[in-house]
Amino acid sequence: MADEIEIRALRDTDDIDAQLDLSERAFGPQDADGKASWRQMSRRLVAGGTNRAAFDGSRAVGAAFYFDMRQWWQGRSVPMAGVSGVKIAPEDRGRGIGKRLMTALLDDIAARGYPLSVLYPATMPIYRALGWEVGGSLYTGEAPAWALRTLAPPDLASPGAPHIRRVAGQDAGAITDVIARVHERSRDSGPITWDEASTAAAFDDRHTYAYLCEDGFTWYEWYDGNKGIFVGGVQAASGGALRALWSLVASHGTIAEKYRFLTHPRDPIWQLAAEKEIEIQSTWHWMLRVVDAPAAIAARGFPPAVSMDAPLSIVDQHRPANAGGWMLTVDGGKGELTRRDGDGLTLSARGLAALYGGTPVRSLRAAGLATGGDPAADPALDTAFGCVPYILDTF
């Protein structure tokens, strides 16, 4: 019975290899390097308490972790809990453990003051039941190497090429600073920045090659017997940095046969590439949860030209502090939620998450995630929240 299950944070004294066994049974086996990285990461998250685990007596039957992240919304960073590694032992699925586990994890995320949470779902119903909804996507592009060997020349003069240097784990602070500068200047929505410890661990890998300039960053790895290069996105705030970093990556085209790269629909690579043989090969949706509605609205950016007031009513059974009547005020690139009586546009927790991620109100009404209010006010909300969110990382 699910009532016999204990849900608690993992302790240093718990068997980490029992958790590794759960992970491998859920997501597949890892090689020796992967196991070592997993243990290192897990011990750090156990020490920080950013997890919840399920036990049937002394037997580990499930666990979920989350990372301390920041997510960018209209050029402003919002603290975000990135949920990862949600798993239930195959023989214990169907006992209701997953929902109890995720409820406890959400409670801890809220207690620690995170306005937002994001996860990549293996299945959606359990997360939707707790208020997560599709917020954006991770896009993977593909191109034959020859298609990027020559970049389209600019029509207008642009700054010269910046100085690019190779970086590793000891440059974690510089990496996070540059990525933050890129997303702030570009007014991006969706991308994340990791804490420095996680960044350092990622780029200490001897098979990952990372490069940095004043306003740009990229990393890549070889794959498929060195026939292909996987590029973890080219993030740049200037045309000079974008062109220089892509030129560095494309210089491997005499050896590599193909590229796979993390991208997004508004990535300037579509204008920079000289040939048409590049395309979005796959899309992986991620889900967003607004954990603390007033804090989430106050932290994110909004279009500077938008000035509006809109009454809202939120229905959120798992985060009662979000529920009830609010007045949304947007002005000067900032937003605020203040308490009010009466009803406006009514949003479920899922509807609020989708609106936050830029989904038009008409779509929310059609999906049964929003109702009521004045439909004539919907376009103003669409303008305030409008964006195409993307992430260039998995976790």
# chains A, B, ... in the order shown; residues from 1 in each chain; ligands from 1

$ closest_atom_pairs --of "range 256-275 of chain A" --to "range 143-152 of chain A" --cutoff "7 Å" --atoms "only C-alpha atoms" --output "CSV"
residue,atom,partner,partner_atom,distance
A:Ala256,CA,A:Ala145,CA,6.4
A:Glu257,CA,A:Ala145,CA,5.1
A:Lys258,CA,A:Pro144,CA,4.3
A:Tyr259,CA,A:Ala143,CA,5.3
A:Arg260,CA,A:Ala143,CA,6.7
A:Leu272,CA,A:Ala152,CA,5.3
A:Ala273,CA,A:Leu151,CA,5.1
A:Ala274,CA,A:Ala152,CA,4.4
A:Glu275,CA,A:Ala147,CA,5.5

$ write_last_selection --atoms "N, CA and C atoms" --output "short mmCIF file (atom, residue, chain, number, x, y, z; two decimals), in the first residue's frame"
data_model
loop_
_atom_site.label_atom_id
_atom_site.label_comp_id
_atom_site.auth_asym_id
_atom_site.auth_seq_id
_atom_site.Cartn_x
_atom_site.Cartn_y
_atom_site.Cartn_z
N ALA A 256 34.45 16.57 -39.87
CA ALA A 256 33.10 16.11 -39.54
C ALA A 256 32.23 16.05 -40.79
N GLU A 257 31.24 15.17 -40.75
CA GLU A 257 30.31 15.03 -41.86
C GLU A 257 28.97 15.72 -41.57
N LYS A 258 28.67 15.93 -40.30
CA LYS A 258 27.35 16.44 -39.94
C LYS A 258 27.42 17.17 -38.61
N TYR A 259 26.42 18.03 -38.41
CA TYR A 259 26.27 18.75 -37.15
C TYR A 259 24.88 18.50 -36.59
N ARG A 260 24.81 18.35 -35.27
CA ARG A 260 23.55 18.46 -34.54
C ARG A 260 23.76 19.60 -33.56
N LEU A 272 22.07 33.31 -40.78
CA LEU A 272 23.53 33.25 -40.93
C LEU A 272 23.98 32.16 -41.88
N ALA A 273 23.25 31.04 -41.92
CA ALA A 273 23.63 29.92 -42.78
C ALA A 273 23.48 30.29 -44.24
N ALA A 274 24.48 29.93 -45.03
CA ALA A 274 24.44 30.28 -46.46
C ALA A 274 23.55 29.35 -47.26
N GLU A 275 23.30 28.15 -46.74
CA GLU A 275 22.53 27.16 -47.47
C GLU A 275 21.24 26.79 -46.72
#

$ residues_around --residues "range 328-343 of chain A" --least-positions-apart "5" --cutoff "12 Å" --atoms "only C-alpha atoms" --output "short mmCIF file (atom, residue, chain, number, x, y, z; two decimals) with N, CA and C atoms, in the first residue's frame"
data_model
loop_
_atom_site.label_atom_id
_atom_site.label_comp_id
_atom_site.auth_asym_id
_atom_site.auth_seq_id
_atom_site.Cartn_x
_atom_site.Cartn_y
_atom_site.Cartn_z
N TRP A 73 13.43 35.29 -18.37
CA TRP A 73 12.13 35.62 -18.94
C TRP A 73 12.15 37.09 -19.32
N GLN A 74 12.07 37.34 -20.63
CA GLN A 74 12.14 38.70 -21.17
C GLN A 74 13.37 39.44 -20.61
N GLY A 75 14.49 38.73 -20.56
CA GLY A 75 15.75 39.35 -20.19
C GLY A 75 16.00 39.52 -18.72
N ARG A 76 15.12 38.98 -17.87
CA ARG A 76 15.35 39.02 -16.42
C ARG A 76 15.39 37.60 -15.87
N ARG A 187 17.01 39.82 -24.31
CA ARG A 187 15.65 39.73 -23.77
C ARG A 187 15.05 38.36 -24.04
N ASP A 292 5.17 30.30 -6.92
CA ASP A 292 4.80 31.48 -6.15
C ASP A 292 4.42 32.55 -7.15
N ALA A 293 3.11 32.75 -7.36
CA ALA A 293 2.64 33.62 -8.44
C ALA A 293 3.11 35.07 -8.29
N PRO A 294 2.93 35.73 -7.14
CA PRO A 294 3.39 37.12 -7.04
C PRO A 294 4.89 37.26 -7.28
N ALA A 295 5.69 36.33 -6.72
CA ALA A 295 7.14 36.42 -6.90
C ALA A 295 7.53 36.16 -8.34
N ALA A 296 6.85 35.22 -9.01
CA ALA A 296 7.17 34.90 -10.39
C ALA A 296 6.86 36.07 -11.32
N ILE A 297 5.76 36.76 -11.07
CA ILE A 297 5.41 37.93 -11.89
C ILE A 297 6.38 39.07 -11.63
N ALA A 298 6.72 39.29 -10.37
CA ALA A 298 7.62 40.40 -10.03
C ALA A 298 9.03 40.20 -10.56
N ALA A 299 9.46 38.96 -10.69
CA ALA A 299 10.85 38.68 -11.07
C ALA A 299 11.07 38.73 -12.57
N ARG A 300 10.07 38.37 -13.36
CA ARG A 300 10.27 38.29 -14.81
C ARG A 300 10.20 39.65 -15.46
N GLY A 301 10.69 39.74 -16.70
CA GLY A 301 10.55 40.95 -17.47
C GLY A 301 9.31 40.94 -18.32
N PHE A 302 8.90 42.13 -18.74
CA PHE A 302 7.78 42.32 -19.66
C PHE A 302 8.19 43.32 -20.72
N PRO A 303 7.52 43.36 -21.86
CA PRO A 303 7.87 44.35 -22.88
C PRO A 303 7.78 45.77 -22.32
N PRO A 304 8.81 46.58 -22.48
CA PRO A 304 8.81 47.91 -21.87
C PRO A 304 7.68 48.81 -22.33
N ALA A 305 7.17 48.61 -23.56
CA ALA A 305 6.13 49.48 -24.09
C ALA A 305 4.74 49.13 -23.58
N VAL A 306 4.59 47.99 -22.88
CA VAL A 306 3.27 47.55 -22.43
C VAL A 306 2.91 48.19 -21.10
N SER A 307 1.71 48.74 -21.02
CA SER A 307 1.17 49.27 -19.76
C SER A 307 -0.28 48.80 -19.68
N MET A 308 -0.61 48.04 -18.63
CA MET A 308 -1.95 47.47 -18.55
C MET A 308 -2.28 47.04 -17.13
N ASP A 309 -3.57 46.91 -16.87
CA ASP A 309 -4.10 46.30 -15.65
C ASP A 309 -5.10 45.23 -16.09
N ALA A 310 -5.04 44.06 -15.42
CA ALA A 310 -5.96 42.98 -15.77
C ALA A 310 -6.33 42.21 -14.52
N PRO A 311 -7.64 42.10 -14.21
CA PRO A 311 -8.06 41.28 -13.08
C PRO A 311 -7.94 39.80 -13.42
N LEU A 312 -7.41 39.02 -12.48
CA LEU A 312 -7.25 37.59 -12.66
C LEU A 312 -7.78 36.85 -11.45
N SER A 313 -8.18 35.62 -11.66
CA SER A 313 -8.54 34.73 -10.57
C SER A 313 -7.82 33.41 -10.82
N ILE A 314 -7.10 32.92 -9.81
CA ILE A 314 -6.28 31.72 -9.97
C ILE A 314 -6.87 30.59 -9.13
N VAL A 315 -6.96 29.41 -9.73
CA VAL A 315 -7.40 28.20 -9.03
C VAL A 315 -6.18 27.29 -8.92
N ALA A 321 -1.65 29.57 -1.62
CA ALA A 321 -1.27 30.99 -1.57
C ALA A 321 -1.41 31.66 -2.93
N ASN A 322 -1.41 30.90 -4.01
CA ASN A 322 -1.60 31.46 -5.35
C ASN A 322 -3.06 31.72 -5.65
N ALA A 323 -3.95 31.02 -4.97
CA ALA A 323 -5.37 31.00 -5.34
C ALA A 323 -6.07 32.30 -4.95
N TYR A 356 2.21 32.27 -18.54
CA TYR A 356 3.54 32.76 -18.19
C TYR A 356 4.53 32.44 -19.31
N THR A 371 -11.07 30.69 -18.31
CA THR A 371 -12.48 30.97 -18.58
C THR A 371 -12.83 32.32 -17.97
N GLY A 372 -13.99 32.87 -18.38
CA GLY A 372 -14.48 34.10 -17.78
C GLY A 372 -13.70 35.32 -18.22
N GLY A 373 -13.90 36.41 -17.47
CA GLY A 373 -13.24 37.65 -17.81
C GLY A 373 -13.79 38.25 -19.08
N ASP A 374 -13.13 39.29 -19.55
CA ASP A 374 -13.54 39.99 -20.76
C ASP A 374 -12.65 39.57 -21.92
N ALA A 380 -4.29 42.07 -24.85
CA ALA A 380 -3.33 42.80 -24.02
C ALA A 380 -2.49 41.83 -23.20
N LEU A 381 -3.12 40.78 -22.67
CA LEU A 381 -2.36 39.75 -21.95
C LEU A 381 -1.42 39.02 -22.89
N THR A 383 0.05 40.21 -25.48
CA THR A 383 1.18 41.09 -25.75
C THR A 383 2.13 41.14 -24.56
N ALA A 384 1.58 41.18 -23.36
CA ALA A 384 2.41 41.27 -22.16
C ALA A 384 3.27 40.02 -21.97
N PHE A 385 2.69 38.85 -22.19
CA PHE A 385 3.39 37.59 -21.93
C PHE A 385 3.98 36.95 -23.19
#

$ closest_residue --among "A:Leu347, A:Ile126, A:Met69, A:Leu242" --to "Tyr114 in chain A" --atoms "only C-alpha atoms"
A:Met69

$ closest_residue --among "A:Ala370, A:Val178, A:Ala47, A:Val231" --to "Leu262 in chain A" --atoms "only C-alpha atoms"
A:Val231

$ select_by_dssp --residues "range 182-353 of chain A" --states "strand (DSSP E)" --output "PyMOL selection string"
chain A and resi 192-194+209-213+216-223+228-236+258-263+279-290+308-315+324-331+334-339+345-348

$ closest_residue --among "A:Glu133, A:Glu221, A:Asp177, A:Asp195" --to "Val290 in chain A" --atoms "only C-alpha atoms"
A:Glu133

$ atom_distance --atom1 "CA of Arg93 in chain A" --atom2 "CA of Phe65 in chain A"
18.3 Å

$ closest_residue --among "A:Leu138, A:Ala104, A:Leu156, A:Ala197" --to "Leu45 in chain A" --atoms "only C-alpha atoms"
A:Ala197

$ atom_distance --atom1 "CA of Lys87 in chain A" --atom2 "CA of Ala202 in chain A"
22.7 Å
